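Engineer: Dropping a structure here in structure tokens format, bear with me for questions.
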Amino acid sequence: MIKTDICIIGAGPVGLFAVFETGLLKMRCHLIDALPQIGGQLSEIYPHKPIYDIPGFPAINAQQLVDNLIEQIHPFNPTFTLGERVEIVARQADGTYHIMSNEGTVIHAAVVVIAGGLGSFEPRKPEIPGLADFEGRGVSYMVKNPEAYRDKRVVVAGGGDSALDWTVFLSDVAAMVTLVHRSDSFRGAPDSAEKVFSLAERGKINLLLQSNLSGVRGNGSLSHVGIIGKDKTEMLLEADALIPLFGLSPKLGPIADWGLAIDKSAIVVDTSDYSTGVERIYAIGDINTYPGKLKLILCGFHEAALMAQSAFRYVYPDEKLSFKYTTVNGVNAF
Amino acid sequence: MADTIHITVENQLGETRQLEIPDGINLSLMEVLKASDYNILATCGGMALCATCHIQVLEGMNTLEQRGDAELDMLDTLPDADDQSRLACQIRLSPALDGLKIRIFANN
């Protein structure tokens with residue numbers, strides 16, 4: 001079990017800055033994020049986009065801001081669990097929490113800070129009747145172990161980079177790969193698209209353009225995938241595996257089940273300290289809501305500062321907190 | 001040019017209503033739909049990143065400006081997009097849109 005003072009769920013800019021604000025008050029942090037890297041949506045979605053409303057930076061690239069934050073919190077030696085999604089937040093008898101991930105990691109913390117941004121990024125699923133029944137029984141939304149598809153008949157659906165790349169990769173592994181795509185061209189990397197067209201010409205893959213998934217069939221596990229083609233008629237293709245790759249979409253996910261007040265996919269907080277209605281659980285950044293809420297990084301930074309002052313009482317119940325300026329006291333590492 | 005922009009909106013339940021939007025407000029169609037209490041999340045806030053403001057244009061496609069790269073890339077990843085699909089966050093309101101008819105497609 002990982003032991004820490006504060007467990008921060010979400011390693012985006014606001015979660016990172018929360019390490020700084022709590023670190024000034026001698027509280028240690030462990031961060032956990034569903035994405036495999038630090039930085040949240042800044043690193044995942046728009047690393048090269050400039051941000052113009054960070055005070056003191058007329059313009060800064062999203063990834064540069066993340067890198068700067070990592071440098072800024074370095075003195076406080078935060079620890080990370082990446083690529084794991086928090087499933088359960090369980091209150092212990094003494095009021096502290098156990099935070100458990102989908103991979104079985106357990107973190108013990110006095111305080112939980114949810115800095116989950118838009119939520120966790122989850123695969124976008126096509127709306128096909130019965131699809132969920134075959135999840136794990138032939139249908140998966142990501143390729144974890146390509147060897148699992150050796151000598152199988154695989155249907156990949158989608159037109160983005162991951163659909164193209166996996167089609168190319170699996171063409172050497174699987175018995176047959178069929179790529180189903182809605183339009184007749186690809187917007188993914190031209191190189192990958194060219195490879196896919198070339199594989200199709202050589203009969204190495206089955207390329208179905210202007211086609212859509214329409215159904216899944218099977219007795220217990222997947223046996224056929226329904227596809228509606230150009231001519232609007234449905235055909236049933238024999239298949240052992242279906243991999244719909246339609247990108248990632250932010251979802252609130254398990255956070256919705258933790259007993260917190262939720263309004264329009266955001267956690268309702270008290271603006272005096274950004275606490276939720278549940279003791280020792282705070283929510284800061286884009287994930288929270290209150291009258292006048294603005295989803296701005298700079299607002300999340302402010303929220304982190306107020307949260308830290310409030311959370312202190314749970315980590316150091318016997319100590320009195322006195323507010324200090326970094327200009328006077330510096331940043332004391334630990 | 002009209003002083004008021006009329007946009008007919010069909011929601012996820014199939015109910016249709018006409019919105020009257022004063023010309024000159026500098027908003028996207030997504031922002032107008034949100035302000036009109038339609039059930040769209042618009043999670044990413046208008047960056048063409050989440051597709052939770054996915055709409056189908058029923059009439060007036062030719063009055064809209066062309067889709068940009070970010071929008072085309074996102075639409076291309078959606079399982080249920082078609083030629084009439086747009087992201088409402090990428091449509092700026094202008095008098096040219098008067099008479100537009102849309103259906104909210106995003107399933108939230």
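Every chain in the structure tokens has a letter given in the order shown (A, B, ...), and although residue numbers restart at 1 in each chain, ligands are simply numbered from 1 in the order shown.
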Please identify all polymer residues within 10 Å of stretch 76-84 of chain B, counting only C-alpha atoms, omitting same-chain residues fewer than 6 positions from it, and present them as a short mmCIF file (atom, residue, chain, number, x, y, z; two decimals) with C-alpha atoms, in the first residue's frame.

Structural biologist:
```cif
data_model
loop_
_atom_site.label_atom_id
_atom_site.label_comp_id
_atom_site.auth_asym_id
_atom_site.auth_seq_id
_atom_site.Cartn_x
_atom_site.Cartn_y
_atom_site.Cartn_z
CA ARG A 124 -15.79 6.01 -27.51
CA LYS A 125 -18.17 3.15 -28.18
CA PRO A 126 -20.35 2.81 -31.26
CA GLU A 127 -24.05 2.42 -30.62
CA ILE A 128 -24.68 -1.12 -31.73
CA ALA A 157 -13.49 -0.26 -37.11
CA GLY A 158 -12.54 3.41 -37.35
CA GLY A 159 -10.56 5.78 -39.53
CA GLY A 160 -8.10 7.48 -37.21
CA ASP A 161 -4.44 6.81 -36.62
CA ALA A 163 -7.35 2.14 -36.46
CA HIS A 181 -14.47 2.77 -42.17
CA ARG A 182 -17.36 5.17 -42.63
CA SER A 183 -15.96 7.30 -45.43
CA SER A 185 -10.70 8.28 -47.29
CA PHE A 186 -8.63 8.48 -44.13
CA ARG A 187 -7.64 11.57 -42.19
CA GLY A 188 -4.99 9.69 -40.25
CA ASN A 212 -20.57 0.94 -40.85
CA LEU A 213 -20.86 -1.58 -38.06
CA PRO A 244 -13.83 -0.52 -32.51
CA LEU A 245 -11.27 2.32 -32.42
CA PHE A 246 -13.20 5.59 -32.37
CA GLY A 247 -10.91 7.65 -30.18
CA LEU A 248 -11.19 8.66 -26.57
CA ALA B 51 -17.69 15.74 -29.84
CA HIS B 54 -22.33 16.71 -32.34
CA ILE B 55 -25.29 17.89 -34.47
CA GLN B 56 -26.80 16.98 -37.81
CA VAL B 57 -27.67 19.80 -40.16
CA LEU B 58 -31.12 19.17 -41.62
CA GLU B 59 -31.37 22.35 -43.69
CA MET B 61 -25.62 23.14 -44.74
CA ALA B 70 -9.74 20.00 -36.07
CA ILE B 102 -30.47 21.16 -36.97
CA ARG B 103 -30.91 18.02 -34.93
CA PHE B 105 -27.19 14.19 -32.29
CA ALA B 106 -24.88 13.94 -29.31
#
```

Engineer: What lies within 8 Å of A:Leu118 using only C-alpha atoms, ignoring chain neighbours under 4 positions off, as a list in words?

Structural biologist: Pro250, Lys251, Leu252, Asp286 and Ile287 of chain A; Thr43 and Cys44 of chain B

Engineer: For A:Ala174, work out the shell of residues within 8 Å, counting only C-alpha atoms and skipping chain neighbours fewer than 5 positions away, then give it as a compact mmCIF listing (two decimals) with N, CA and C atoms, in the first residue's frame.

Structural biologist:
```txt
# COMPACT_ATOMS: atom_id res chain seq x y z
N TYR A 149 -4.36 -11.87 -30.80
CA TYR A 149 -5.09 -11.92 -32.07
C TYR A 149 -4.42 -12.84 -33.10
N ARG A 150 -3.39 -13.56 -32.65
CA ARG A 150 -2.68 -14.43 -33.59
C ARG A 150 -3.63 -15.46 -34.20
N ASP A 151 -3.61 -15.52 -35.54
CA ASP A 151 -4.40 -16.47 -36.31
C ASP A 151 -5.91 -16.32 -36.13
N LYS A 152 -6.32 -15.15 -35.62
CA LYS A 152 -7.76 -14.89 -35.46
C LYS A 152 -8.28 -14.06 -36.64
N ARG A 153 -9.61 -14.10 -36.80
CA ARG A 153 -10.23 -13.22 -37.79
C ARG A 153 -10.68 -11.96 -37.06
N VAL A 154 -10.05 -10.84 -37.41
CA VAL A 154 -10.22 -9.60 -36.64
C VAL A 154 -10.91 -8.54 -37.49
```

Engineer: Tell me, which residues of stretch 126-283 of chain A carry DSSP helix (DSSP H, G or I), written as a VMD selection string?

Structural biologist: chain A and resid 131 to 134 146 to 149 161 to 170 190 to 201 253 to 257

Engineer: Please write the residues from the selection above to a file, keeping C-alpha atoms, as a PDB file, in the first residue's frame.

Structural biologist:
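Full text of part25.pdb as output:
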```pdb
ATOM      1  CA  LEU A 131     -22.292  -4.674 -28.190  1.00  0.00           C
ATOM      2  CA  ALA A 132     -21.767  -4.567 -24.418  1.00  0.00           C
ATOM      3  CA  ASP A 133     -22.691  -8.262 -24.137  1.00  0.00           C
ATOM      4  CA  PHE A 134     -19.578  -9.167 -26.096  1.00  0.00           C
ATOM      5  CA  PRO A 146      -1.450  -8.071 -30.034  1.00  0.00           C
ATOM      6  CA  GLU A 147      -0.471 -11.752 -29.648  1.00  0.00           C
ATOM      7  CA  ALA A 148      -4.017 -12.445 -28.453  1.00  0.00           C
ATOM      8  CA  TYR A 149      -5.093 -11.923 -32.074  1.00  0.00           C
ATOM      9  CA  ASP A 161      -4.441   6.807 -36.617  1.00  0.00           C
ATOM     10  CA  SER A 162      -4.967   4.019 -34.129  1.00  0.00           C
ATOM     11  CA  ALA A 163      -7.352   2.140 -36.460  1.00  0.00           C
ATOM     12  CA  LEU A 164      -4.846   2.459 -39.306  1.00  0.00           C
ATOM     13  CA  ASP A 165      -1.803   1.557 -37.226  1.00  0.00           C
ATOM     14  CA  TRP A 166      -3.392  -1.491 -35.637  1.00  0.00           C
ATOM     15  CA  THR A 167      -4.724  -2.698 -38.973  1.00  0.00           C
ATOM     16  CA  VAL A 168      -1.209  -2.560 -40.400  1.00  0.00           C
ATOM     17  CA  PHE A 169       0.298  -4.218 -37.333  1.00  0.00           C
ATOM     18  CA  LEU A 170      -2.301  -6.953 -36.986  1.00  0.00           C
ATOM     19  CA  PRO A 190      -0.936   9.700 -44.926  1.00  0.00           C
ATOM     20  CA  ASP A 191       1.851   7.114 -44.527  1.00  0.00           C
ATOM     21  CA  SER A 192      -0.388   4.769 -42.566  1.00  0.00           C
ATOM     22  CA  ALA A 193      -3.311   5.292 -44.948  1.00  0.00           C
ATOM     23  CA  GLU A 194      -1.067   4.452 -47.892  1.00  0.00           C
ATOM     24  CA  LYS A 195       0.086   1.265 -46.173  1.00  0.00           C
ATOM     25  CA  VAL A 196      -3.514   0.237 -45.561  1.00  0.00           C
ATOM     26  CA  PHE A 197      -4.498   0.805 -49.212  1.00  0.00           C
ATOM     27  CA  SER A 198      -1.457  -1.114 -50.351  1.00  0.00           C
ATOM     28  CA  LEU A 199      -2.212  -4.045 -48.027  1.00  0.00           C
ATOM     29  CA  ALA A 200      -5.778  -4.102 -49.355  1.00  0.00           C
ATOM     30  CA  GLU A 201      -4.581  -4.127 -52.973  1.00  0.00           C
ATOM     31  CA  GLY A 253     -16.571   7.505 -14.817  1.00  0.00           C
ATOM     32  CA  PRO A 254     -16.557   6.004 -11.328  1.00  0.00           C
ATOM     33  CA  ILE A 255     -16.416   9.471  -9.691  1.00  0.00           C
ATOM     34  CA  ALA A 256     -20.189   9.555 -10.162  1.00  0.00           C
ATOM     35  CA  ASP A 257     -20.507   6.627  -7.723  1.00  0.00           C
TER      36      ASP A 257
END
```

Engineer: Residues near A:Thr4, anyone? I mean within 8 Å using only C-alpha atoms, not counting same-chain ones fewer than 2 positions away, as a count of residues only.

Structural biologist: 10

Engineer: Would you list, as a VMD selection string, the residues of stretch 182-290 of chain A that end up in strand (DSSP E) under DSSP run on this structure's backbone?

Structural biologist: chain A and resid 205 to 208 212 to 219 221 to 228 234 to 238 241 to 244 248 to 251 262 to 263 266 to 268 281 to 283 288 to 289

Engineer: Report, in Å with one decimal, the straight-line distance from atom CA of A:Glu303 to atom CA of A:Glu71.

Structural biologist: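 Atom CA of A:Glu71 lies 20.4 Å from atom CA of A:Glu303.
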
Engineer: Just want the 9 Å neighbourhood of stretch 37-45 of chain A, counted on only C-alpha atoms, with same-chain residues fewer than 4 positions away dropped. Output as a list in words.

Structural biologist: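 Those residues are Gly10, Ala11, Gly12, Pro13, Gly15, Leu16, Asp33, Lys49, Asn61, Ala62, Gln63, Leu65, Val66, Asp67, Ile70, Phe80, Leu82, Gly83, Gly116, Gly117 and Leu118 of chain A; Leu49 of chain B.
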
Engineer: Excluding A:Met142 and residues on its chain fewer than 2 positions from it, collect all residues at most 7 Å away from it, counting only C-alpha atoms, and give them as a count of residues only.

Structural biologist: 3

Engineer: I'd like the neighbourhood of A:Tyr325 as a list in words, where a residue qualifies if any of its atoms comes within 12 Å (using only C-alpha atoms), though same-chain residues fewer than 5 positions away should be ignored.

Structural biologist: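 Listing them by chain and then by number gives Glu21, Leu24, Leu25, Gly330, Val331 and Asn332 of chain A.
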
Engineer: Please save C-alpha atoms of the selected residues as a PDB file, in the first residue's frame.

Structural biologist:
```pdb
ATOM      1  CA  GLU A  21       0.413  24.551  -2.479  1.00  0.00           C
ATOM      2  CA  LEU A  24       4.407  24.618   1.199  1.00  0.00           C
ATOM      3  CA  LEU A  25       2.391  23.374   4.178  1.00  0.00           C
ATOM      4  CA  GLY A 330      11.269  30.443   0.361  1.00  0.00           C
ATOM      5  CA  VAL A 331      10.312  26.958  -0.785  1.00  0.00           C
ATOM      6  CA  ASN A 332      11.526  24.416   1.714  1.00  0.00           C
TER       7      ASN A 332
END
```

Engineer: With distances taken over only C-alpha atoms, which of A:Pro47, A:Gly23, A:Gly119, A:Pro55 is nearest to chain B?

Structural biologist: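 Smallest distance to chain B is found for A:Gly119.
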
Engineer: As an exercise, work out the distance from atom CA of A:Asn145 to atom CA of A:Ser171 in Å and give it to one decimal place.

Structural biologist: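 Atom CA of A:Ser171 lies at a distance of 14.5 Å from atom CA of A:Asn145.
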
Engineer: Could you check which of A:Tyr282, A:Tyr97, A:Phe121, A:Tyr52 is closest to chain B, using only C-alpha atoms?

Structural biologist: A:Phe121
